[in-house]
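I have placed the structure first, in the form of structure tokens, so that the comments after it can refer back to it.
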Amino acid sequence: MATNLALDDKLIAQARRIGGHRTKKEAVTAALEEYVSRRRQLRLIKRFGTIEYAPTYGYKQQRGRTRT
């Protein structure tokens, strides 16, 4: 999809240099992928401590099982 964006040339140049990207498109794509990944991580972190497990669940038993 073709898109016209007004991006800071200095920032793009810095991103290309730091990331080792050959083109502006590579730099922007990498930045978007990193942004999405980070946002997913933050959503997951917010869930820590909010999920309740059954008190009878034997998680230690699962560690000893062998896989075939």
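Starting from 1 in every chain, residues are counted up; chains themselves are A, B, ... following the order of the structure tokens, and ligands are numbered from 1 as listed.
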Using the chain letters and numbers from this document, which residues of chain A does DSSP assign to alpha helix (DSSP H), as a ChimeraX atom specification?
-> /A:9-19,24-47,59-64
Near Ala13 of chain A, counting only C-alpha atoms, which residues have an atom at most 12 Å away, once you skip same-chain residues fewer than 6 positions from it, shown as number ranges by chain?
-> A: 7, 19-28
Point-to-point distance in Å for atom CA of Tyr35 of chain A and atom CA of Arg17 of chain A |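 Computed distance, atom CA of Arg17 of chain A to atom CA of Tyr35 of chain A, equals 18.4 Å.
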